[in-house]
Number of protein chains: 4
Amino acid sequence: MITETDPFKGLGLVGVDALEFGGCDVRKGSLCETAHHLARETRAIDVHILEEIEDDLTLLEQDIQTGTARNCGEAIERLADCPVRCDVSIREEILEIRENLHRFREEKELTEVVVVNLASTEPPLDLQYCHGDPVAFEACLDKNDLSAVRASTLYAYAAIQEGCPYINFTPSNAALFPAMIKLAEKNNVPVMGNDGKTGETLVKSALAPMFTCRNLDVLSWEGFNILGNMDGQVLDDPKNKESKIRTKDHLLGKILGYSPHSRVRIDYVPSLDDQKTAWDFIHFKGFLGAKMSLQFIWQGYDSLLAAPLILDLVRLAELAKRRGDAGLMPHLASFFKAPLGVDEHALFEQYQMLLGYASQATGDRRRLQRVV
Amino acid sequence: MITETDPFKGLGLVGVDALEFGGCDVRKGSLCETAHHLARETRAIDVHILEEIEDDLTLLEQDIQTGTARNCGEAIERLADCPVRCDVSIREEILEIRENLHRFREEKELTEVVVVNLASTEPPLDLQYCHGDPVAFEACLDKNDLSAVRASTLYAYAAIQEGCPYINFTPSNAALFPAMIKLAEKNNVPVMGNDGKTGETLVKSALAPMFTCRNLDVLSWEGFNILGNMDGQVLDDPKNKESKIRTKDHLLGKILGYSPHSRVRIDYVPSLDDQKTAWDFIHFKGFLGAKMSLQFIWQGYDSLLAAPLILDLVRLAELAKRRGDAGLMPHLASFFKAPLGVDEHALFEQYQMLLGYASQATGDRRRLQRVV
Amino acid sequence: MITETDPFKGLGLVGVDALEFGGCDVRKGSLCETAHHLARETRAIDVHILEEIEDDLTLLEQDIQTGTARNCGEAIERLADCPVRCDVSIREEILEIRENLHRFREEKELTEVVVVNLASTEPPLDLQYCHGDPVAFEACLDKNDLSAVRASTLYAYAAIQEGCPYINFTPSNAALFPAMIKLAEKNNVPVMGNDGKTGETLVKSALAPMFTCRNLDVLSWEGFNILGNMDGQVLDDPKNKESKIRTKDHLLGKILGYSPHSRVRIDYVPSLDDQKTAWDFIHFKGFLGAKMSLQFIWQGYDSLLAAPLILDLVRLAELAKRRGDAGLMPHLASFFKAPLGVDEHALFEQYQMLLGYASQATGDRRRLQRVV
Amino acid sequence: MITETDPFKGLGLVGVDALEFGGCDVRKGSLCETAHHLARETRAIDVHILEEIEDDLTLLEQDIQTGTARNCGEAIERLADCPVRCDVSIREEILEIRENLHRFREEKELTEVVVVNLASTEPPLDLQYCHGDPVAFEACLDKNDLSAVRASTLYAYAAIQEGCPYINFTPSNAALFPAMIKLAEKNNVPVMGNDGKTGETLVKSALAPMFTCRNLDVLSWEGFNILGNMDGQVLDDPKNKESKIRTKDHLLGKILGYSPHSRVRIDYVPSLDDQKTAWDFIHFKGFLGAKMSLQFIWQGYDSLLAAPLILDLVRLAELAKRRGDAGLMPHLASFFKAPLGVDEHALFEQYQMLLGYASQATGDRRRLQRVV
């Protein structure tokens with residue numbers, strides 16, 4: 001976790017052991033089984049760690065509610081163990097989610113609840129006028145307009161209405177569209193997204209600035225990702241994949257200032273399970289037109305790369321809420337492939353933004369403590 | 001060239017077409033032959049470009065003097081076409097170099113001469129008291145103490161005495177030791193080194209900060225370089241290789257704040273000629289102790305990566321002299337594997353230092369022009 | 001060329017300098033220009049070699065006739081400089097090709113003409129009853145049934161009718177379907193295909209048997225190919241790509257005896273031009289279920305890998321004709337991704353078949369010479 | 001295990017569950033601890049498998065005797081938990097080993113004992129006259145000439161004298177020198193070595209023939225191996241590494257018929273533990289002198305690649321003994337980096353030799369059974 005490093009020590013972040021976990025899932029399977037499957041197939045997790053936390057995981061399962069896959073596309077519906085409900089309106093479904101959030105807060109006696117979207121990638125939502133205008137969006141909900149929402153919309157809306165900071169760790173664009181961000185601003189709720197930057201794109205955002213620093217002309221940047229977990233299975237559907245590739249692909253142009261030939265492929269290879277492997281081939285031109293290349297191969301466990309980022313984001317979102325931040329949190333840009341409201345995509349610059357925020361927040365806190 | 005990009009447009013740098021080239025070499029072979037060999041073996045240079053500049057290259061050869069390999073170790077002496085001279089003292093040899101520099105300036109009617117060390121890597125010089133104290137060092141020269149100098153020492157000293165900015169593009173530590181830097185400060189001569197950051201180390205300095213930004217624990221960073229040009233041939237000698245590996249290896253600890261297991265190998269593979277190929281294997285530990293890896297393969301033409309950096313450095317050194325800078329030029333850190341007087345090794349931060357300098361120098365110039 | 005190695009010395013193969021070249025092309029551009037483009041963009045060919053043969057290339061252009069792209073799909077038609085002719089029947093077009101072949105033989109005073117299909121990959125032809133039965137196929141030609149042929153069909157048929165050995169170096173399945181092979185057998189014409197094995201598949205067919213030799217269980221074999229020449233451009237069309245992927249993909253099952261998860265991607269990356277680059281990721285399971293991996297990266301110039309194979313094939317096809325071979329030439333399996341009539345896909349075994357043939361043919365020749 | 005595949009089904013090999021294990025070790029640590037360390041550090045072994053066999057492993061420890069590191073060099077002596085004994089002569093030490101072998105056979109009621117050398121790689125032994133002549137070698141033992149033996153010599157000699165088939169799975173050349181092989185022939189004992197072909201060299205012996213099959217000229221073949229287990233630690237000593245590199249490096253010349261530039265590096269990287277990673281860069285020249293490359297990256301668990309080979313070798317050595325084979329077993333060439341008495345290094349050809357042997361032995365057995 002980056003929040004465990006020195007620059008974040010003086011921030012008064014909530015302790016990791018003070019966190020309580022709960023959630024919604026459209027699949028039934030037990031957490032323990034999933035964790036054991038992961039440990040067995042990829043051996044990414046030490047079995048002994050797993051055995052130690054088995055009881056906690058089992059306990060936690062009681063706080064996992066049946067989720068909704070409303071309008072999420074066939075790939076996700078195929079995975080879901082519960083049929084999409086047709087008997088309730090959007091408003092009713094939102095209400096249920098809000099009640100769940102409220103109950104969770106009461107039962108666990110929590111000062112704050114942070115909602116993080118970790119669901120499978122939905123197909124892109126075609127954004128219309130209502131997604132830019134809060135009033136128009138409310139009207140859509142009123143008339144139960146299913147074409148305007150996906151499951152992620154319902155969760156994001158419910159969270160913001162309940163005053164819960166909301167993080168979109170997925171590329172799904174149905175969660176934090178402009179009207180939703182305006183709602184968050186109005187409700188004084190901090191939100192941020194999209195799409196956690198865990199692997200190949202992380203390396204991309206670290207490496208691409210190098211070519212600028214040397215005025216080397218990137219001709220082509222081709223990325224091939226293979227993975228075999230449920231994320232990979234859902235992305236095997238072209239509609240869902242499109243969301244993902246959009247967030248992975250656009251940052252090159254932003255960093256370089258021009259758009260080289262670029263393609264990002266994500267293929268499902270079951271035997272790899274959670275062990276994402278990516279090969280990137282970068283072709284570039286130097287002095288006197290000489291063509292040269294840089295390739296990288298990334299081999300990482302997707303879930304284990306994501307997990308600490310999520311803990312970091314939860315702690316920083318809780319802090320932001322406490323500090324009275326509302327709407328987007330641009331200082332969290334380094335955590336996302338497509339950071340909302342931020343044009344800076346170079347990793348190191350984004351990290352400086354985070355350090356700057358941490359330094360200011362630490363200063364504010366010290367001043368406050370001194371006053372007290 | 002980075003100096004041809006926007007941030008450097010308003011600096012009033014000397015035009016590339018205003019540059020005149022000359023030099024010293026311990027080998028005889030013609031420039032044209034070498035260039036054609038390079039074009040034929042690696043095909044890095046378009047033969048048509050070569051044919052266009054052939055006349056210029058031939059003309060240029062007249063300005064290449066016989067160099068000295070004084071105390072440079074056997075690997076370099078084997079390459080030299082002229083025997084190391086024993087009949088002249090160090091002081092006499094320095095005088096000859098100064099006369100060459102002076103004559104070159106006069107004949108070409110130049111306002112400034114910049115000296116760049118592009119010679120083969122010398123074995124490391126064992127630095128003693130005299131290398132820290134200018135007076136003691138002068139005494140060494142007086143008593144012709146050969147153990148205190150290598151060829152690069154003579155050139156650096158001659159350049160600084162002639163008021164010529166001096167750049168050490170090699171890892172040889174016999175050029176810019178503390179006493180030499182003090183001499184440069186005293187003489188108002190800007191100097192900088194060591195070791196141009198052209199390939200594998202460039203990538204290293206762009207990638208290593210990524211692990212810090214994510215609090216990922218680097219366990220091992222192993223680098224294997226293969227190349228086949230004369231640089232590779234000289235580095236095949238363990239004594240000369242030691243200089244190189246020192247500058248390539250130390251920056252990881254500086255960037256990460258701790259020293260992972262790390263080894264840098266450089267092997268001579270004749271068939272590759274100038275096409276340096278490097279494989280780096282980076283082993284790191286993430287959440288719950290999961291081990292993951294990042295590998296990269298760099299394939300670049302060493303000479304063509306170095307050439308634009310050298311033009312950049314020459315232009316920026318000439319500017320520094322004009323602006324009255326004396327001693328080390330820390331703003332040039334991004335060009336070097338082991339930037340003298342600079343602790344920052346992260347590429348992007350070093351680049352910000354350069355941009356900051358460019359921005360200030362542009363401002364100064366505008367103010368000056370307004371005054372005029 | 002493999003035919004220049006020792007085992008082929010005693011075969012009495014036609015000398016390379018005795019070969020005359022001619023052909024058909026649907027594009028107009030000059031050979032010299034194409035060759036210079038290749039030399040300039042990929043620098044795969046030494047410009048000096050090119051300059052030496054420039055006159056020959058220009059002369060050769062006179063023997064390049066306008067080709068046909070009949071029924072070859074849009075991707076190829078877009079490239080063609082001449083519109084597909086609608087004014088002539090299939091039979092008439094075949095007749096023209098036969099006349100061209102005949103004239104070429106007469107004019108150059110050749111004892112044998114070998115036809116090699118090097119055209120862009122066509123979309124797969126849906127094989128019907130007529131493609132298995134020579135009589136039915138002739139009936140198709142009679143009634144000018146366009147759905148039964150593509151350009152490659154016309155050339156193959158014309159060649160075989162003219163008694164010219166025919167080689168299908170492409171994956172297009174419209175050339176050597178069963179009825180065509182029967183025709184070749186009847187006419188005493190040796191033929192062979194499909195799809196020259198130049199790069200990634202070559203490595204595949206050398207490496208896959210290793211897993212069998214060690215009883216290691218291949219879980220997944222994922223191949224990503226990027227290239228930027230006209231071949232790549234045509235393969236960017238999904239219909240044409242399908243032909244290619246069929247021949248590249250099926251051999252794993254044949255070699256291993258089971259079908260691991262496998263996918264072959266071919267993407268068009270213009271900056272690479274002829275420099276095909278392929279990354280293959282092979283995931284396998286060993287003792288106690290441990291998952292391990294082998295990756296390879298192939299970087300080769302496609303045209304320069306194909307050229308010597310084509311010369312080899314021409315020489316060996318001419319020999320086969322002289323020896324009275326008719327129909328398929330299974331001893332040429334090692335040259336093809338999908339060797340017709342051969343189930344053996346392991347490279348080394350295929351090579352043994354070629355050596356066996358060479359050894360027998362050499363023996364036959366010696367006996368004959370002794371008799372004479 | 002290859003002996004579990006079809007071609008070996010009819011051979012009447014000893015069942016794996018009929019095997020009893022014992023051994024000698026110079027280190028004390030428990031087998032269970034070592035196995036758990038391996039499982040924890042590399043996660044190559046499923047912890048549940050380990051837990052199942054824990055009792056067996058503990059039982060097995062009783063059959064592990066204190067070994068000897070006589071004359072094995074400092075790197076091994078540093079690892080040994082018992083000092084090298086100076087109080088006994090070579091003859092006495094051999095006698096003890098023979099007694100151990102005898103006792104093991106009696107206690108376990110075994111029909112055959114096969115001895116496999118799996119010890120750390122010793123520095124190369126300088127072979128002298130006595131290593132070629134059995135009589136001279138006996139004389140060396142008589143006069144306790146320590147310069148003529150290393151630990152592996154003692155074990156090999158003891159095994160052969162006890163009539164036990166002997167396999168040298170290491171590169172140590174002190175085990176099976178000519179005089180030892182002659183002794184094996186005389187005693188009707190089958191023996192074979194050297195150096196199990198588990199990883200990088202396995203790939204090499206599968207790939208190198210490809211270049212021959214295509215008449216592509218290999219210019220350079222550079223191999224970089226990194227690993228972190230005890231094998232890697234011992235190989236970190238230049239003297240021990242020399243043995244290893246000898247067996248890894250020589251096969252290229254044998255397969256290709258010429259010796260390209262080649263270097264094999266093995267570096268110790270503790271964090272990798274048993275997960276050997278190798279990068280090989282192969283530079284080759286094709287048509288018109290075009291330079292191309294093939295790289296491969298091998299990532300395998302060394303112990304898990306070796307284990308099934310050892311079981312295979314034990315079963316095949318027992319069979320050989322039963323069939324009356326004496327001296328070298330050339331049909332086992334595919335298992336070794338430097339197969340004794342065999343000039344064939346191409347993997348696939350070696351595998352054919354094994355299949356040929358299996359087929360003949362199966363035939364012999366059927367004939368015998370029919371007679372009975």
# chains A, B, ... in the order shown; residues from 1 in each chain; ligands from 1
>>> interface_residues(of="chain C", to="chain B", cutoff="9 Å", atoms="only C-alpha atoms", output="list in words")
Arg40, Thr42, Arg43, Ala44, Ile45, Asp46, Val47 and His48 of chain C
>>> residues_around(residues="segment 23-31 of chain C", least_positions_apart="4", cutoff="12 Å", atoms="only C-alpha atoms", output="PyMOL selection string")
chain C and resi 35-38+50+53-70+72+76-85+96-97+100-101+104+113-120+151-152+155+230
>>> write_last_selection(atoms="N, CA and C atoms", output="compact mmCIF listing (two decimals), in the first residue's frame")
# COMPACT_ATOMS: atom_id res chain seq x y z
N ALA C 35 11.77 -2.73 -54.35
CA ALA C 35 12.99 -3.20 -53.70
C ALA C 35 13.65 -2.05 -52.94
N HIS C 36 13.66 -0.87 -53.55
CA HIS C 36 14.27 0.27 -52.87
C HIS C 36 13.47 0.69 -51.64
N HIS C 37 12.15 0.59 -51.76
CA HIS C 37 11.30 0.89 -50.60
C HIS C 37 11.66 -0.05 -49.45
N LEU C 38 11.78 -1.33 -49.78
CA LEU C 38 12.12 -2.34 -48.78
C LEU C 38 13.47 -2.03 -48.14
N LEU C 50 21.47 -4.11 -54.19
CA LEU C 50 20.34 -3.64 -54.97
C LEU C 50 20.82 -2.91 -56.21
N ILE C 53 21.95 -5.16 -59.02
CA ILE C 53 20.96 -5.94 -59.77
C ILE C 53 19.86 -5.08 -60.38
N GLU C 54 20.00 -3.78 -60.24
CA GLU C 54 18.95 -2.87 -60.72
C GLU C 54 18.64 -3.10 -62.21
N ASP C 55 19.66 -3.24 -63.01
CA ASP C 55 19.43 -3.42 -64.44
C ASP C 55 18.67 -4.71 -64.72
N ASP C 56 19.05 -5.77 -64.01
CA ASP C 56 18.35 -7.04 -64.17
C ASP C 56 16.89 -6.91 -63.79
N LEU C 57 16.65 -6.20 -62.69
CA LEU C 57 15.27 -6.03 -62.23
C LEU C 57 14.44 -5.28 -63.27
N THR C 58 15.03 -4.25 -63.85
CA THR C 58 14.32 -3.46 -64.84
C THR C 58 13.99 -4.32 -66.06
N LEU C 59 14.96 -5.11 -66.47
CA LEU C 59 14.74 -6.02 -67.61
C LEU C 59 13.62 -7.00 -67.30
N LEU C 60 13.66 -7.50 -66.08
CA LEU C 60 12.69 -8.50 -65.64
C LEU C 60 11.27 -7.96 -65.72
N GLU C 61 11.13 -6.66 -65.50
CA GLU C 61 9.78 -6.06 -65.49
C GLU C 61 9.02 -6.31 -66.79
N GLN C 62 9.77 -6.44 -67.85
CA GLN C 62 9.12 -6.70 -69.14
C GLN C 62 8.41 -8.05 -69.16
N ASP C 63 8.82 -8.92 -68.29
CA ASP C 63 8.20 -10.24 -68.24
C ASP C 63 7.13 -10.35 -67.16
N ILE C 64 6.71 -9.21 -66.65
CA ILE C 64 5.61 -9.24 -65.68
C ILE C 64 4.33 -8.78 -66.34
N GLN C 65 3.39 -9.71 -66.46
CA GLN C 65 2.12 -9.44 -67.12
C GLN C 65 1.10 -8.91 -66.11
N THR C 66 0.07 -8.29 -66.63
CA THR C 66 -1.03 -7.89 -65.78
C THR C 66 -1.74 -9.14 -65.25
N GLY C 67 -1.91 -9.21 -63.95
CA GLY C 67 -2.52 -10.38 -63.35
C GLY C 67 -4.02 -10.23 -63.17
N THR C 68 -4.63 -11.26 -62.62
CA THR C 68 -6.07 -11.19 -62.35
C THR C 68 -6.32 -11.29 -60.85
N ALA C 69 -7.30 -10.54 -60.36
CA ALA C 69 -7.71 -10.62 -58.95
C ALA C 69 -9.13 -11.16 -58.87
N ARG C 70 -9.51 -11.91 -59.88
CA ARG C 70 -10.85 -12.48 -59.99
C ARG C 70 -11.30 -13.11 -58.68
N CYS C 72 -11.14 -12.29 -55.58
CA CYS C 72 -10.15 -12.38 -54.50
C CYS C 72 -10.56 -11.60 -53.26
N ILE C 76 -7.93 -7.35 -51.52
CA ILE C 76 -6.98 -7.45 -52.62
C ILE C 76 -7.39 -6.52 -53.76
N GLU C 77 -8.69 -6.47 -54.02
CA GLU C 77 -9.15 -5.60 -55.11
C GLU C 77 -8.76 -4.14 -54.86
N ARG C 78 -8.79 -3.74 -53.61
CA ARG C 78 -8.40 -2.36 -53.27
C ARG C 78 -6.95 -2.09 -53.68
N LEU C 79 -6.10 -3.12 -53.57
CA LEU C 79 -4.68 -2.96 -53.89
C LEU C 79 -4.43 -2.97 -55.39
N ALA C 80 -5.33 -3.64 -56.11
CA ALA C 80 -5.08 -3.86 -57.54
C ALA C 80 -5.16 -2.56 -58.34
N ASP C 81 -4.27 -2.42 -59.30
CA ASP C 81 -4.27 -1.22 -60.15
C ASP C 81 -5.14 -1.43 -61.39
N CYS C 82 -5.55 -2.67 -61.63
CA CYS C 82 -6.39 -2.94 -62.79
C CYS C 82 -7.73 -3.48 -62.28
N PRO C 83 -8.82 -3.02 -62.88
CA PRO C 83 -10.12 -3.50 -62.42
C PRO C 83 -10.28 -4.98 -62.76
N VAL C 84 -11.06 -5.69 -61.93
CA VAL C 84 -11.36 -7.09 -62.23
C VAL C 84 -12.16 -7.12 -63.53
N ARG C 85 -11.74 -7.95 -64.45
CA ARG C 85 -12.39 -7.97 -65.78
C ARG C 85 -13.70 -8.77 -65.73
N GLU C 96 -5.68 -17.24 -71.56
CA GLU C 96 -4.66 -16.18 -71.61
C GLU C 96 -3.45 -16.53 -70.75
N ILE C 97 -3.73 -17.06 -69.55
CA ILE C 97 -2.61 -17.43 -68.67
C ILE C 97 -1.78 -18.53 -69.33
N ASN C 100 0.37 -17.08 -71.96
CA ASN C 100 1.50 -16.39 -71.34
C ASN C 100 2.60 -17.37 -70.96
N LEU C 101 2.20 -18.46 -70.32
CA LEU C 101 3.17 -19.47 -69.90
C LEU C 101 3.89 -20.06 -71.10
N PHE C 104 6.31 -17.50 -72.62
CA PHE C 104 7.48 -17.34 -71.76
C PHE C 104 8.47 -18.48 -71.99
N VAL C 113 9.00 -24.81 -67.01
CA VAL C 113 8.48 -23.63 -66.32
C VAL C 113 7.80 -24.08 -65.03
N VAL C 114 8.20 -23.49 -63.90
CA VAL C 114 7.57 -23.80 -62.61
C VAL C 114 6.75 -22.59 -62.18
N VAL C 115 5.50 -22.82 -61.81
CA VAL C 115 4.63 -21.72 -61.38
C VAL C 115 4.50 -21.72 -59.86
N VAL C 116 4.77 -20.56 -59.26
CA VAL C 116 4.67 -20.43 -57.79
C VAL C 116 3.66 -19.35 -57.45
N ASN C 117 2.72 -19.66 -56.62
CA ASN C 117 1.73 -18.68 -56.17
C ASN C 117 2.26 -17.90 -54.99
N LEU C 118 2.57 -16.61 -55.24
CA LEU C 118 3.09 -15.72 -54.21
C LEU C 118 2.16 -14.54 -54.00
N ALA C 119 0.93 -14.67 -54.50
CA ALA C 119 -0.03 -13.57 -54.41
C ALA C 119 -0.53 -13.41 -52.98
N SER C 120 -1.19 -12.30 -52.73
CA SER C 120 -1.78 -12.05 -51.41
C SER C 120 -2.78 -13.13 -51.06
N ALA C 151 -8.75 -16.26 -58.15
CA ALA C 151 -7.62 -16.09 -59.08
C ALA C 151 -6.65 -17.26 -58.98
N SER C 152 -6.37 -17.71 -57.75
CA SER C 152 -5.37 -18.77 -57.60
C SER C 152 -5.81 -20.05 -58.32
N TYR C 155 -4.76 -19.76 -62.07
CA TYR C 155 -3.33 -19.96 -62.31
C TYR C 155 -2.94 -21.43 -62.14
N MET C 230 2.74 -5.38 -47.44
CA MET C 230 1.46 -5.52 -48.12
C MET C 230 0.74 -6.79 -47.68
>>> residues_around(residues="Pro330 of chain D", least_positions_apart="4", cutoff="9 Å", atoms="only C-alpha atoms", output="PyMOL selection string")
chain D and resi 192+334+339-342+350+353-354
>>> residues_around(residues="Pro165 of chain B", least_positions_apart="4", cutoff="8 Å", atoms="only C-alpha atoms", output="MDAnalysis selection string")
chainID B and resid 113:115 159:160 189:191 317:318 321
>>> select_by_dssp(residues="segment 61-299 of chain D", states="strand (DSSP E or B)", output="PyMOL selection string")
chain D and resi 64-66+115-117+166-168+190-193+196+217-227+261-268+275-285+291-299
>>> residues_around(residues="segment 177-184 of chain C", least_positions_apart="6", cutoff="8 Å", atoms="only C-alpha atoms", output="list in words")
Leu127, Cys130, His131, Gly132, Asp133, Pro134, Phe137, Ala156, Tyr157, Ile160, Pro190, Val191, Ala326, Gly327 and Leu328 of chain C
>>> select_by_dssp(residues="segment 147-198 of chain D", states="helix (DSSP H, G or I)", output="PyMOL selection string")
chain D and resi 147-148+151-161+178-186
>>> atom_distance(atom1="atom CA of Glu122 of chain C", atom2="atom CA of Gly73 of chain C")
6.8 Å
>>> residues_around(residues="Thr121 of chain A", least_positions_apart="3", cutoff="8 Å", atoms="only C-alpha atoms", output="PyMOL selection string")
chain A and resi 170-172+231+234-235+240-241+243-244
>>> residues_around(residues="Tyr357 of chain D", least_positions_apart="6", cutoff="10 Å", atoms="only C-alpha atoms", output="PyMOL selection string")
chain D and resi 8+330-332+351+363
>>> write_last_selection(atoms="N, CA and C atoms", output="PDB file, in the first residue's frame")
ATOM      1  N   PHE D   8       6.316 -46.624 -23.794  1.00  0.00           N
ATOM      2  CA  PHE D   8       7.061 -47.304 -22.741  1.00  0.00           C
ATOM      3  C   PHE D   8       6.177 -48.244 -21.920  1.00  0.00           C
ATOM      4  N   PRO D 330      23.711 -45.283 -24.446  1.00  0.00           N
ATOM      5  CA  PRO D 330      23.549 -44.155 -25.384  1.00  0.00           C
ATOM      6  C   PRO D 330      22.087 -43.830 -25.684  1.00  0.00           C
ATOM      7  N   HIS D 331      21.186 -44.786 -25.486  1.00  0.00           N
ATOM      8  CA  HIS D 331      19.771 -44.506 -25.767  1.00  0.00           C
ATOM      9  C   HIS D 331      19.186 -43.499 -24.791  1.00  0.00           C
ATOM     10  N   LEU D 332      19.923 -43.187 -23.722  1.00  0.00           N
ATOM     11  CA  LEU D 332      19.436 -42.205 -22.755  1.00  0.00           C
ATOM     12  C   LEU D 332      19.958 -40.794 -23.058  1.00  0.00           C
ATOM     13  N   TYR D 351      15.598 -38.428 -29.068  1.00  0.00           N
ATOM     14  CA  TYR D 351      14.327 -39.021 -28.647  1.00  0.00           C
ATOM     15  C   TYR D 351      13.996 -40.242 -29.517  1.00  0.00           C
ATOM     16  N   GLY D 363       9.824 -55.568 -27.962  1.00  0.00           N
ATOM     17  CA  GLY D 363       9.801 -56.743 -28.831  1.00  0.00           C
ATOM     18  C   GLY D 363      10.495 -57.934 -28.175  1.00  0.00           C
TER      19      GLY D 363
END
>>> closest_residue(among="C:Leu251, C:Ala346, C:Val149, C:Asn144", to="Leu207 of chain D", atoms="only C-alpha atoms")
C:Ala346
>>> atom_distance(atom1="atom CA of Gly196 of chain A", atom2="atom CA of Thr277 of chain A")
16.6 Å
>>> atom_distance(atom1="atom CA of Ser271 of chain A", atom2="atom CA of Asp236 of chain A")
14.5 Å
>>> decode(residues="segment 96-107 of chain C", atoms="N, CA and C atoms", output="PDB file, in the first residue's frame")
ATOM      1  N   GLU C  96      -5.683 -17.238 -71.564  1.00  0.00           N
ATOM      2  CA  GLU C  96      -4.665 -16.183 -71.608  1.00  0.00           C
ATOM      3  C   GLU C  96      -3.452 -16.531 -70.754  1.00  0.00           C
ATOM      4  N   ILE C  97      -3.730 -17.064 -69.549  1.00  0.00           N
ATOM      5  CA  ILE C  97      -2.612 -17.432 -68.670  1.00  0.00           C
ATOM      6  C   ILE C  97      -1.783 -18.531 -69.330  1.00  0.00           C
ATOM      7  N   ARG C  98      -2.459 -19.509 -69.915  1.00  0.00           N
ATOM      8  CA  ARG C  98      -1.728 -20.598 -70.591  1.00  0.00           C
ATOM      9  C   ARG C  98      -0.866 -20.042 -71.711  1.00  0.00           C
ATOM     10  N   GLU C  99      -1.442 -19.142 -72.472  1.00  0.00           N
ATOM     11  CA  GLU C  99      -0.659 -18.546 -73.576  1.00  0.00           C
ATOM     12  C   GLU C  99       0.566 -17.806 -73.059  1.00  0.00           C
ATOM     13  N   ASN C 100       0.368 -17.081 -71.956  1.00  0.00           N
ATOM     14  CA  ASN C 100       1.505 -16.388 -71.342  1.00  0.00           C
ATOM     15  C   ASN C 100       2.601 -17.365 -70.959  1.00  0.00           C
ATOM     16  N   LEU C 101       2.199 -18.461 -70.322  1.00  0.00           N
ATOM     17  CA  LEU C 101       3.170 -19.470 -69.896  1.00  0.00           C
ATOM     18  C   LEU C 101       3.895 -20.056 -71.101  1.00  0.00           C
ATOM     19  N   HIS C 102       3.123 -20.347 -72.122  1.00  0.00           N
ATOM     20  CA  HIS C 102       3.698 -20.940 -73.325  1.00  0.00           C
ATOM     21  C   HIS C 102       4.701 -19.976 -73.969  1.00  0.00           C
ATOM     22  N   ARG C 103       4.267 -18.728 -74.118  1.00  0.00           N
ATOM     23  CA  ARG C 103       5.137 -17.727 -74.745  1.00  0.00           C
ATOM     24  C   ARG C 103       6.444 -17.552 -73.955  1.00  0.00           C
ATOM     25  N   PHE C 104       6.311 -17.503 -72.620  1.00  0.00           N
ATOM     26  CA  PHE C 104       7.482 -17.342 -71.759  1.00  0.00           C
ATOM     27  C   PHE C 104       8.475 -18.475 -71.986  1.00  0.00           C
ATOM     28  N   ARG C 105       7.949 -19.694 -72.064  1.00  0.00           N
ATOM     29  CA  ARG C 105       8.804 -20.862 -72.307  1.00  0.00           C
ATOM     30  C   ARG C 105       9.511 -20.778 -73.656  1.00  0.00           C
ATOM     31  N   GLU C 106       8.766 -20.366 -74.651  1.00  0.00           N
ATOM     32  CA  GLU C 106       9.330 -20.277 -76.009  1.00  0.00           C
ATOM     33  C   GLU C 106      10.393 -19.198 -76.098  1.00  0.00           C
ATOM     34  N   GLU C 107       9.982 -18.000 -75.620  1.00  0.00           N
ATOM     35  CA  GLU C 107      10.880 -16.841 -75.754  1.00  0.00           C
ATOM     36  C   GLU C 107      12.208 -17.043 -75.029  1.00  0.00           C
TER      37      GLU C 107
END
